[in-house]
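Here is the file data-v4.cif (mmCIF, C-alpha atoms).
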data_target
loop_
_atom_site.label_atom_id
_atom_site.label_comp_id
_atom_site.auth_asym_id
_atom_site.auth_seq_id
_atom_site.Cartn_x
_atom_site.Cartn_y
_atom_site.Cartn_z
CA MET A 269 10.45 -6.89 7.27
CA SER A 270 13.56 -6.41 5.14
CA LYS A 271 12.01 -6.58 1.66
CA PRO A 272 9.94 -3.76 0.19
CA VAL A 273 6.24 -4.46 -0.34
CA PHE A 274 6.06 -2.02 -3.29
CA LYS A 275 8.07 -1.92 -6.50
CA ARG A 276 7.00 1.50 -7.82
CA ILE A 277 5.67 4.36 -5.70
CA ILE A 278 4.53 7.96 -6.01
CA LEU A 279 5.67 10.14 -3.11
CA LYS A 280 3.47 13.23 -2.72
CA VAL A 281 5.36 15.99 -0.91
CA SER A 282 3.45 19.16 -0.10
CA GLY A 283 5.11 22.52 -0.43
CA GLU A 284 4.51 23.12 3.28
CA ALA A 285 6.59 20.03 4.09
CA LEU A 286 9.60 21.70 2.46
CA SER A 287 9.25 24.95 4.38
CA GLY A 288 10.12 23.68 7.85
CA PRO A 289 9.23 25.63 11.01
CA GLN A 290 9.09 29.04 9.31
CA GLY A 291 6.10 27.97 7.16
CA PHE A 292 7.35 29.52 3.91
CA GLY A 293 10.23 29.14 1.47
CA ILE A 294 12.54 26.10 1.35
CA ASP A 295 14.32 24.80 4.45
CA PRO A 296 17.70 23.25 3.41
CA ILE A 297 17.72 20.93 6.44
CA ILE A 298 14.23 19.57 5.71
CA ILE A 299 14.86 19.09 1.99
CA SER A 300 18.16 17.29 2.73
CA SER A 301 16.34 15.00 5.17
CA ILE A 302 13.72 14.14 2.56
CA ALA A 303 16.45 13.46 -0.02
CA GLU A 304 18.23 11.08 2.37
CA GLN A 305 14.96 9.25 3.08
CA VAL A 306 14.35 8.87 -0.65
CA GLN A 307 17.91 7.57 -1.12
CA ALA A 308 17.24 4.87 1.50
CA VAL A 309 14.23 3.72 -0.53
CA ILE A 310 16.16 3.78 -3.82
CA ASP A 311 18.78 1.57 -2.16
CA LEU A 312 16.00 -1.03 -1.73
CA LYS A 313 15.61 -1.07 -5.54
CA VAL A 314 12.21 0.61 -5.31
CA GLU A 315 11.26 2.91 -8.20
CA VAL A 316 10.38 6.38 -6.86
CA ALA A 317 8.49 9.20 -8.54
CA ILE A 318 7.75 12.39 -6.63
CA VAL A 319 4.93 14.89 -7.06
CA VAL A 320 5.75 18.14 -5.30
CA GLY A 321 3.39 20.92 -4.28
CA GLY A 322 4.02 24.66 -4.18
CA GLY A 323 2.13 25.97 -1.16
CA ASN A 324 5.31 27.14 0.57
CA ILE A 325 5.77 29.72 -2.20
CA TRP A 326 2.33 30.38 -3.71
CA ARG A 327 -1.20 29.02 -3.40
CA GLY A 328 -3.45 29.47 -6.41
CA VAL A 329 -6.64 29.34 -4.35
CA SER A 330 -5.35 32.02 -1.97
CA GLY A 331 -4.51 34.37 -4.81
CA SER A 332 -7.92 33.78 -6.37
CA ALA A 333 -9.65 34.53 -3.04
CA LYS A 334 -7.97 37.94 -3.02
CA GLY A 335 -9.33 38.92 -6.41
CA MET A 336 -6.72 37.51 -8.81
CA ASP A 337 -7.89 35.63 -11.89
CA ARG A 338 -8.06 31.96 -10.83
CA ALA A 339 -6.31 30.55 -13.90
CA THR A 340 -3.46 33.08 -13.61
CA SER A 341 -3.10 32.36 -9.91
CA ASP A 342 -3.02 28.60 -10.54
CA TYR A 343 -0.34 28.96 -13.21
CA MET A 344 1.77 30.88 -10.69
CA GLY A 345 1.30 27.97 -8.29
CA MET A 346 2.51 25.57 -10.97
CA LEU A 347 5.70 27.61 -11.36
CA ALA A 348 6.18 27.40 -7.58
CA THR A 349 6.13 23.59 -7.83
CA VAL A 350 8.90 23.76 -10.44
CA MET A 351 11.08 25.76 -8.04
CA ASN A 352 10.49 23.12 -5.36
CA GLY A 353 11.17 20.33 -7.85
CA LEU A 354 14.52 21.83 -8.84
CA ALA A 355 15.49 22.27 -5.17
CA LEU A 356 14.59 18.64 -4.49
CA GLN A 357 16.55 17.52 -7.55
CA ASP A 358 19.60 19.43 -6.33
CA ALA A 359 19.37 17.86 -2.85
CA LEU A 360 19.07 14.36 -4.31
CA GLU A 361 21.91 14.72 -6.80
CA ASN A 362 24.15 16.16 -4.08
CA ILE A 363 24.00 12.75 -2.39
CA GLY A 364 24.44 10.79 -5.61
CA VAL A 365 20.83 9.97 -6.52
CA PRO A 366 20.22 10.32 -10.30
CA THR A 367 17.18 12.48 -10.87
CA ARG A 368 15.02 13.91 -13.64
CA VAL A 369 12.51 16.74 -13.37
CA GLN A 370 9.57 16.55 -15.78
CA THR A 371 7.15 19.44 -16.12
CA SER A 372 3.64 19.62 -17.53
CA ILE A 373 4.42 23.08 -18.91
CA GLY A 374 7.24 23.27 -21.44
CA MET A 375 10.46 24.84 -20.09
CA GLN A 376 13.15 22.86 -21.88
CA GLN A 377 16.06 24.93 -20.55
CA ILE A 378 15.59 23.58 -17.02
CA ALA A 379 13.52 20.39 -17.22
CA GLU A 380 12.20 17.67 -19.50
CA PRO A 381 8.61 17.81 -20.74
CA TYR A 382 6.36 15.21 -19.13
CA ILE A 383 6.34 12.15 -21.39
CA ARG A 384 4.82 9.05 -19.83
CA ARG A 385 6.98 6.44 -21.55
CA ARG A 386 10.17 8.42 -20.86
CA ALA A 387 9.22 8.77 -17.20
CA ILE A 388 8.71 5.01 -16.90
CA ARG A 389 12.06 4.38 -18.60
CA HIS A 390 13.83 6.68 -16.13
CA LEU A 391 12.23 4.78 -13.24
CA GLU A 392 13.32 1.45 -14.69
CA LYS A 393 16.89 2.79 -14.84
CA GLY A 394 16.80 3.66 -11.13
CA ARG A 395 16.35 7.41 -11.51
CA VAL A 396 14.00 9.44 -9.33
CA VAL A 397 11.48 11.30 -11.47
CA ILE A 398 10.08 14.55 -10.05
CA PHE A 399 6.78 15.64 -11.60
CA ALA A 400 6.37 19.43 -11.41
CA ALA A 401 3.96 22.06 -12.74
CA GLY A 402 0.93 20.05 -11.65
CA THR A 403 -1.22 18.68 -14.46
CA GLY A 404 -0.44 21.76 -16.55
CA ASN A 405 -4.05 22.91 -16.16
CA PRO A 406 -5.60 25.43 -13.77
CA TYR A 407 -8.30 24.30 -11.32
CA PHE A 408 -6.51 21.02 -10.58
CA SER A 409 -4.49 20.45 -7.41
CA THR A 410 -1.18 18.66 -7.03
CA ASP A 411 -3.14 15.94 -5.18
CA THR A 412 -4.94 15.33 -8.46
CA THR A 413 -1.56 15.35 -10.22
CA ALA A 414 -0.35 12.59 -7.86
CA ALA A 415 -3.46 10.49 -8.57
CA LEU A 416 -3.18 11.06 -12.33
CA ARG A 417 0.55 10.30 -12.56
CA ALA A 418 0.14 7.22 -10.33
CA ALA A 419 -2.46 5.86 -12.74
CA GLU A 420 -0.35 6.73 -15.79
CA ILE A 421 2.91 5.15 -14.62
CA GLU A 422 1.10 2.27 -12.88
CA ALA A 423 2.43 3.07 -9.42
CA GLU A 424 1.30 0.62 -6.76
CA VAL A 425 0.68 3.22 -4.07
CA ILE A 426 0.69 6.94 -3.32
CA LEU A 427 2.61 7.88 -0.18
CA MET A 428 1.24 11.19 1.08
CA ALA A 429 3.93 12.75 3.26
CA LYS A 430 2.63 15.22 5.85
CA ASN A 431 4.59 17.65 7.98
CA LYS A 432 2.01 18.36 10.71
CA VAL A 433 0.02 15.16 11.25
CA ASP A 434 0.89 11.45 11.26
CA GLY A 435 -2.27 10.18 9.60
CA VAL A 436 -5.93 10.95 8.96
CA TYR A 437 -8.00 12.15 11.92
CA SER A 438 -11.74 12.53 12.45
CA ALA A 439 -11.15 16.25 13.06
CA ASP A 440 -8.23 18.66 13.22
CA PRO A 441 -6.14 17.25 16.12
CA PHE A 442 -4.71 20.72 16.80
CA LEU A 443 -8.20 22.16 17.35
CA ASP A 444 -10.13 19.19 18.71
CA ALA A 445 -8.65 17.13 21.56
CA THR A 446 -11.22 14.36 20.92
CA ALA A 447 -10.05 13.81 17.32
CA VAL A 448 -9.47 10.12 16.58
CA LYS A 449 -6.80 8.82 14.23
CA TYR A 450 -7.99 6.31 11.63
CA GLU A 451 -5.86 3.27 10.80
CA LYS A 452 -7.80 2.39 7.65
CA LEU A 453 -10.42 4.11 5.49
CA THR A 454 -12.11 3.58 2.16
CA TYR A 455 -12.24 6.37 -0.41
CA MET A 456 -16.02 6.47 -0.04
CA GLU A 457 -15.62 7.09 3.70
CA VAL A 458 -13.14 9.88 2.96
CA LEU A 459 -15.60 11.50 0.54
CA ASN A 460 -18.73 10.97 2.67
CA LYS A 461 -17.11 12.21 5.89
CA GLY A 462 -15.49 15.18 4.18
CA LEU A 463 -12.06 14.28 5.53
CA GLY A 464 -9.37 16.60 4.18
CA VAL A 465 -7.08 13.86 2.88
CA MET A 466 -7.21 14.81 -0.79
CA ASP A 467 -9.62 16.90 -2.79
CA SER A 468 -12.63 15.06 -4.18
CA THR A 469 -11.25 14.93 -7.74
CA ALA A 470 -8.06 13.21 -6.58
CA SER A 471 -9.95 10.83 -4.26
CA SER A 472 -12.34 9.82 -7.04
CA LEU A 473 -9.47 9.23 -9.45
CA CYS A 474 -7.67 7.00 -6.94
CA MET A 475 -10.89 5.13 -6.16
CA ASP A 476 -11.72 4.54 -9.83
CA ASN A 477 -8.21 3.20 -10.52
CA ASN A 478 -7.81 1.17 -7.29
CA ILE A 479 -4.74 3.12 -6.16
CA PRO A 480 -4.16 2.87 -2.38
CA LEU A 481 -3.00 5.88 -0.41
CA ILE A 482 -0.91 5.93 2.76
CA VAL A 483 -0.90 9.15 4.81
CA PHE A 484 2.01 9.49 7.23
CA SER A 485 4.41 11.98 8.81
CA ILE A 486 7.58 12.79 6.90
CA MET A 487 9.06 14.64 9.87
CA GLU A 488 10.21 11.45 11.58
CA ASN A 489 13.39 10.36 9.84
CA GLY A 490 13.13 6.97 8.12
CA ASN A 491 9.34 6.92 7.82
CA ILE A 492 9.33 6.63 4.02
CA LYS A 493 11.45 3.50 4.24
CA ARG A 494 9.24 2.11 7.02
CA VAL A 495 6.14 2.52 4.87
CA VAL A 496 7.83 0.91 1.86
CA LEU A 497 8.88 -2.05 4.04
CA GLY A 498 5.27 -2.55 5.09
CA GLU A 499 5.31 -1.18 8.64
CA LYS A 500 1.88 -0.11 9.88
CA ILE A 501 2.29 3.62 10.32
CA GLY A 502 -0.08 6.40 9.36
CA THR A 503 -3.47 5.78 7.74
CA VAL A 504 -4.19 3.53 4.77
CA VAL A 505 -6.91 4.66 2.37
CA GLY A 506 -8.09 2.14 -0.21
CA GLY A 507 -10.97 0.23 -1.74
CA GLU A 508 -13.95 -1.24 0.06
#

Let me see whether you can do it: turn the structure in this file into structure tokens.
Amino acid sequence: MSKPVFKRIILKVSGEALSGPQGFGIDPIIISSIAEQVQAVIDLKVEVAIVVGGGNIWRGVSGSAKGMDRATSDYMGMLATVMNGLALQDALENIGVPTRVQTSIGMQQIAEPYIRRRAIRHLEKGRVVIFAAGTGNPYFSTDTTAALRAAEIEAEVILMAKNKVDGVYSADPFLDATAVKYEKLTYMEVLNKGLGVMDSTASSLCMDNNIPLIVFSIMENGNIKRVVLGEKIGTVVGGE
């Protein structure tokens, strides 16, 4: 296939995917690779919005588990996503891709506030929009942010880029040699089987709004473009 099957997508990039082999911080080689893959999709005239996580810098749940106030810990995690968003913006603009970072928490010196209509206008003009700071509320994950923003901007699909696995498995493939990779699942199957694709809030939001999800590996160069062109890689999660 040479024509994209989607016009507007949300790319969900976890913080861990930006950290590379060391497992923490931001790996310049990895972030440059992701930027180049996004550029290849933009060249197809596909509108791209990105939701970025912050687990390579701080995890709200981890801080809470160690005795920190959960809301405080989650706000720290939101700030971590802004750092990742700015790094991703820098990598994209270094290769000539126009980009805007929009945050759910006001910080006008470094990013725009999230405004739905403005975000859509940026996409229509061919700019990549990076959504940072989660939903702006504690207790909600960046997976939920991806589901929420996809519904708001009417994205056709969420592409969930993974750095360790190439799809959804019946068990952890690193711990269980008998784990089976799924090609297709419904959201109800994901919820009923307790598969760790997204948290239940995000899965329910996608299911209620009929937003399909494709889980794939971002570590193989060109995979984002392959998914956008309709190649059968990873796992598709959708309606019944």

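Comparing the minimum interatomic distances between Ser409 of chain A and each of A:Thr454, A:Gln357, A:Ser282, A:Thr503, counting only C-alpha atoms, we find that A:Ser282 sits nearest.
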
Explicit residues for the PyMOL selection byres ((chain A and resi 398) around 7) (as a PDB file with C-alpha atoms, in the coordinates of the input):
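Saved result, selection.pdb, follows:
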ATOM      1  CA  ALA A 317       8.490   9.200  -8.540  1.00  0.00           C
ATOM      2  CA  ILE A 318       7.750  12.390  -6.630  1.00  0.00           C
ATOM      3  CA  VAL A 319       4.930  14.890  -7.060  1.00  0.00           C
ATOM      4  CA  GLY A 353      11.170  20.330  -7.850  1.00  0.00           C
ATOM      5  CA  ARG A 368      15.020  13.910 -13.640  1.00  0.00           C
ATOM      6  CA  VAL A 369      12.510  16.740 -13.370  1.00  0.00           C
ATOM      7  CA  GLN A 370       9.570  16.550 -15.780  1.00  0.00           C
ATOM      8  CA  VAL A 396      14.000   9.440  -9.330  1.00  0.00           C
ATOM      9  CA  VAL A 397      11.480  11.300 -11.470  1.00  0.00           C
ATOM     10  CA  PHE A 399       6.780  15.640 -11.600  1.00  0.00           C
ATOM     11  CA  ALA A 400       6.370  19.430 -11.410  1.00  0.00           C
TER      12      ALA A 400
END

Atomic separation - atom CA of Thr412 of chain A relative to atom CA of Ile310 of chain A, Å:
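It comes out at 24.5 Å.
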
Where does the PyMOL selection byres ((chain A and resi 459-473) around 10) land in this file, that is, which residues does it pick, as a count of residues only?
33

What's the 10 Å shell around Glu499 of chain A, counting only C-alpha atoms, without same-chain residues fewer than 6 positions away, as a ChimeraX atom specification?
/A:269,272-273,491-493

Using all atoms listed in the file for the distances, tell me which of A:Glu284, A:Glu380, A:Asp311, A:Glu424 is nearest to Ala348 of chain A.
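Closest candidate: A:Glu284.
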
Nearest to Lys430 of chain A by atom-to-atom distance, counting all atoms listed in the file, from A:Ala303, A:Ala447, A:Val320, A:Ile294
A:Val320

Determine the residue set returned by the PyMOL selection byres ((chain A and resi 485) around 7) for the present structure, and present it as an MDAnalysis selection string.
chainID A and resid 429:431 433:435 484 486:488
